[in-house]
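Report on one structure; see the data block that follows.
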Amino acid sequence: MNKSVCLYFQVHQPTRLRTYRFFDIGKDSHYYDDFANRTILKRIAKNCYLPMNELLLAAIKASKGKLRLAFSISGSALEQFDRYAPEVIESFKALAATGKVEFLCETYYHSLASLASPSEFQHQVNKHKAAIEKYFGVTPVTFRNTELIYSDAIARQVYDLGFKTILTEGARHIMGWQSANYVYSAASKSAVRLLLRNYGLADDIAFRFSDKAWNEWPLTAEKFAQWLVDAEGEIVNLFMDYETFGEHQTADSGIFEFMKTLPAAVLAKDMDFVTPSQAVRKIKPVAELEVPDPISWADEERDLSAWLGNELQQEAFNKLYRLSEKLALVGDSDLWADFGHLQESDHLYYMCTKFFSDGEIHKRFSPYATPYEAFINYMNVLSDFIIRVNYAEQQN
Amino acid sequence: MRVLMFGWEFPPHIAGGLGTACEGIVKGLAHNGVETLFVMPHASGDEDQSATTILNASDVAVQNVSSTVEEFINKVKFMYVDSNIVPYVDPDEYFDAIEKMRREGLTQTSVGFGQKFNFSGKYGANLMEEVSRYAQVGGTIAMQHVDEFDLIHAHDWLTYLAGIAAKELTGKPLVVHVHATSYDRGDEKHMDTRVLDIEKRGMLAADRVVTVSDLTRNIVINKYGIDPAKVVTVHNAVDFSGRENIEVERGVKDKVVTFLGRITFQKGPEYFIDAAAKVLKRTKNVRFVMAGSGDMMNRAIQQVARLGIADRFHFTGFLRGAEVQKMFALSDVYIMPSVSEPFGISPLEAMRTGVPSIISHQSGAAEVLKYALKVDFWDVDALADDIYALVSYPALTAFASQQGFDEVNDLKWNGATAKLKKVYESLL
């Protein structure tokens with residue numbers, strides 16, 4: 001059996017909050033920095049989403065359909081496309097129309113609901129599924145949780161929601177001597193198949209591609225395809241943020257030329273491209289994987305510490321999800337929408353204080369000067385939101 | 001009677017309480033028939049000069065400075081000062097001010113100084129340079145205006161060297177005014193000995209040392225070893241003229257309990273947070289606000305998160321001018337739990353807005369405010385009790401509000417400066 005390559009790209013944009021002062025609490029319930037959200041989205045659309053979608057569409061055609069790949073697009077990103085750049089949706093639709101692109105399911109708001117509230121998790125997964133059906137006319141059958149967060153408990157929840165394939169990280173502390181380049185099944189639910197990110201090869205593209213100090217620089221499609229051949233196992237899962245292309249790795253790094261030539265280079269070496277759902281049909285699981293504590297694809301630790309690692313993050317997280325029960329009694333769609341946006345994991349990510357190793361990456365993605373400012377601003381917004389929830393509850 | 005006065009800032013461009021106090025003092029002195037010539041390092045031109053003449057030290061070219069001053073200056077060796085050292089000055093604000101001065105090329109005058117400084121790019125190093133340069137310029141100004149004043153008055157350590165230089169060159173009596181000491185800024189282990197040295201030198205050289213409270217007077221006598229006979233307390237006052245209470249629309253229905261000031265060790269922020277957690281265990285209809293910034297802010301935020309009260313405890317960051325008034329107007333209770341506060345003008349501002357205040361016994365303001373509630377800063381239970389009482393018992397709140405309002409309206413600079421004038425007279 002020839003080796004398979006599974007490409008999956010994550011598309012997400014946070015709904016950034018405006019500077020929300022204590023003085024605004026109870027007076028102004030618009031929480032979002034519309035200007036920043038629009039500006040950033042339009043920039044990334046121009047640098048990444050539109051040119052890369054066009055490139056992939058051409059590559060699928062050039063390969064006569066042999067190039068296949070998957071996307072997961074968060075609901076928060078879809079909402080911003082709708083509002084600020086509808087042409088991005090159209091270009092994803094064009095990709096969907098080739099039939100070679102799989103759309104995955106995740107939590108609509110790119111949230112940590114899987115760790116907080118089974119009912120909220122179910123609500124968001126179903127909401128996202130419906131959105132994908134609405135936009136792309138396909139029903140997702142594969143699940144990827146926010147930031148590839150995964151555990152045995154999450155596998156059971158996801159299975160109960162009707163998914164039999166989950167993408168997660170090939171975290172070293174989970175894999176031990178085993179290779180991420182096989183299909184595994186979940187220890188807690190043997191019917192669930194797991195596809196594990198090969199972080200070494202994925203990060204060669206996502207992080208190291210333009211690093212001139214890297215001894216493999218410059219990376220060519222030919223060289224990379226040979227690494228895929230040399231990798232042991234049956235499948236190489238290259239999962240990464242879609243913003244890698246043109247945004248994190250800028251156009252002048254040659255990333256687009258690399259991606260343009262990669263499909264032919266891979267196919268020439270007798271490997272094939274598979275989508276996640278094809279992968280689990282084609283490849284049998286080799287073993288069960290037990291993951292008692294949640295893992296993710298973030299930072300060196302590959303755990304939850306980027307979002308829930310310090311007491312600021314835990315406080316914000318606990319105060320937010322404590323509202324779930326009250327909200328369940330209130331049928332107000334505005335409140336539910338804000339509740340969703342406030343759940344975006346990015347808000348907690350901005351509060352991360354791991355400054356000395358991966359902190360640089362955190363800082364690069366944060367609109368705040370410090371994690372403390374992120375916390376203060378978020379809690380001010382949340383305080384206003386709590387007032388509205390309590391008021392709505394009293395009205396009921 | 002005419003006084004050459006060295007200050008560091010003057011409204012409207014102020015970073016803290018020192019400039020406000022100086023304005024009150026020169027106006028009060030004018031009322032009492034004392035003229036002042038007010039020198040500051042960098043005047044902007046829009047200061048109110050109705051009660052004083054302001055001299056901008058940045059406009060004075062330093063020429064032919066006598067060797068006395070140079071020798072004197074050369075004894076002062078400073079390389080670097082840590083943050084949190086500037087009395088009344090918010091570090092960020094000070095840095096901004098320095099950066100602005102640097103851009104405008106005003107620090108050019110510091111060359112030819114006979115002393116080399118390591119420019120670390122941090123404000124501390126610049127500050128020490130400013131202090132030394134100010135002394136040099138101060139001496140020059142004193143000589144240029146030697147016939148126009150009877151005595152010299154210098155406010156806080158930043159200006160003491162200028163005061164000493166002026167005294168040495170003119171032989172006229174020197175009054176130093178202690179608004180804060182190093183002992184109010186941190187514990188003894190972390191004190192900057194160079195600042196301490198300037199403070200002591202100023203107090204020793206002075207003919208009279210004026211302190212803003214008996215608390216500070218005791219520090220000056222006991223910690224700096226100054227002869228009690230020459231240390232006089234003149235309590236601060238506050239000028240509310242032209243102040244209208246602003247109307248604000250409240251967003252929250254809950255009672256608001258406010259801490260407003262620099263978030264530093266000296267101000268006791270952690271006691272406020274601990275008390276807030278205790279109050280929130282007993283009543284929910286209250287919110288706490290910590291307004292300001294400072295080197296303990298991040299620790300304070302962590303403390304709030306750890307106690308799980310972040311949905312009821314808010315941070316505003318540094319507030320400016322009108323925002324401060326707005327914050328008072330939104331408050332129901334004001335707290336100043338200072339560990340060591342030479343005076344502390346903020347509860348007077350709060351009470352003037354009708355906000356009952358709880359202040360620590362370890363503040364100078366406690367010596368003059370009868371109608372503020374008082375606790376020891378470390379007594380978190382007592383602080384929590386008082387907060388609870390003020391948000392729960394309207395009769396107490398109304399009483400403290402009305403009596404406090406009347407009380408602070410009687411604390412006028414005219415009275416305080418009459419006492420200051422007597423100090424001057426004793427020297428002439």
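Following the order of the structure tokens, first chain is A, next is B, and so on, with residues numbered from 1 inside each chain and ligands from 1 in the order they appear.
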Counting only C-alpha atoms, what is within 12 Å of Ala398 in chain B, bar same-chain residues fewer than 3 positions away, as JSON, numbers by chain?
{"B": [332, 333, 351, 354, 355, 356, 357, 371, 389, 390, 391, 392, 393, 394, 395, 401, 402, 403, 404, 405]}
May I have the residues of chain B within 7 Å of chain A, counting only C-alpha atoms, written as a PyMOL selection string?
chain B and resi 251-252+298+302+305-306+308+310-311+314-316
Which of range 84-295 of chain A end up as helix (DSSP H, G or I) when DSSP is run on this backbone - answer as a PyMOL selection string?
chain A and resi 84+86-97+113-116+118-136+146-148+152-160+172-175+199-206+221-230+242-244+251-253+255-268+276-282
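The shortest atom-to-atom distance to Arg133 in chain B, with only C-alpha atoms taken into account, belongs to B:Ala57 out of B:Leu169, B:Leu319, B:Ile221, B:Ala57.
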Using only C-alpha atoms: which of A:Val11, A:Ala264, A:Leu228, A:Ile132 has the shortest distance to Ala202 in chain A
A:Leu228
Residues near Lys269 in chain A, cut-off 10 Å, only C-alpha atoms, skip fewer than 4 positions along chain, as a ChimeraX atom specification:
/A:2-3,222,225-226,228-229,264-265
Would you list the contacts of Pro276 in chain A as a short mmCIF file (atom, residue, chain, number, x, y, z; two decimals) with N, CA and C atoms, in the first residue's frame, taking every protein, DNA or RNA residue within 10 Å and counting only C-alpha atoms, but skipping same-chain residues closer than 6 positions in sequence?
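What ended up in out.cif:
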data_model
loop_
_atom_site.label_atom_id
_atom_site.label_comp_id
_atom_site.auth_asym_id
_atom_site.auth_seq_id
_atom_site.Cartn_x
_atom_site.Cartn_y
_atom_site.Cartn_z
N VAL A 5 -0.77 11.07 2.21
CA VAL A 5 -0.52 12.37 2.82
C VAL A 5 -1.87 13.03 3.06
N CYS A 6 -2.09 13.45 4.27
CA CYS A 6 -3.38 14.08 4.61
C CYS A 6 -3.13 15.54 4.99
N LEU A 7 -3.63 16.44 4.14
CA LEU A 7 -3.51 17.88 4.40
C LEU A 7 -4.80 18.39 5.03
N TYR A 8 -4.65 19.07 6.14
CA TYR A 8 -5.82 19.73 6.71
C TYR A 8 -5.40 21.11 7.20
N ARG A 68 -6.13 16.12 -2.77
CA ARG A 68 -7.30 16.22 -1.88
C ARG A 68 -6.84 16.83 -0.57
N LEU A 69 -7.75 17.51 0.08
CA LEU A 69 -7.37 18.13 1.36
C LEU A 69 -8.62 18.45 2.16
N ALA A 70 -8.40 18.92 3.35
CA ALA A 70 -9.52 19.24 4.25
C ALA A 70 -9.33 20.61 4.89
N GLU A 102 -12.67 18.11 1.85
CA GLU A 102 -13.54 17.74 2.96
C GLU A 102 -13.62 18.89 3.95
N PHE A 103 -14.82 19.17 4.44
CA PHE A 103 -14.99 20.19 5.47
C PHE A 103 -15.26 19.51 6.80
N LEU A 104 -14.44 19.86 7.79
CA LEU A 104 -14.53 19.20 9.10
C LEU A 104 -15.49 19.97 10.01
N VAL A 141 -18.35 14.81 8.50
CA VAL A 141 -18.34 13.51 9.18
C VAL A 141 -17.09 13.32 10.05
N THR A 142 -16.19 14.25 9.95
CA THR A 142 -14.95 14.17 10.72
C THR A 142 -14.90 15.35 11.69
N PHE A 143 -14.38 15.09 12.89
CA PHE A 143 -14.35 16.14 13.90
C PHE A 143 -12.93 16.53 14.26
N THR A 165 -14.46 9.90 13.36
CA THR A 165 -13.07 10.23 13.10
C THR A 165 -12.73 11.56 13.79
N ILE A 166 -11.59 11.56 14.48
CA ILE A 166 -11.17 12.78 15.17
C ILE A 166 -9.71 13.06 14.84
N LEU A 167 -9.42 14.33 14.62
CA LEU A 167 -8.03 14.75 14.40
C LEU A 167 -7.45 15.27 15.70
N ARG A 193 -11.84 6.59 15.18
CA ARG A 193 -10.51 6.56 14.57
C ARG A 193 -9.80 7.89 14.83
N LEU A 194 -8.51 7.81 15.09
CA LEU A 194 -7.74 9.01 15.37
C LEU A 194 -6.67 9.24 14.31
N LEU A 195 -6.61 10.47 13.80
CA LEU A 195 -5.52 10.87 12.90
C LEU A 195 -4.65 11.87 13.67
N ASN A 237 0.22 13.12 8.48
CA ASN A 237 -0.83 14.12 8.66
C ASN A 237 -0.22 15.50 8.82
N LYS A 282 -9.36 3.83 4.18
CA LYS A 282 -8.27 3.13 3.50
C LYS A 282 -7.34 2.41 4.48
#
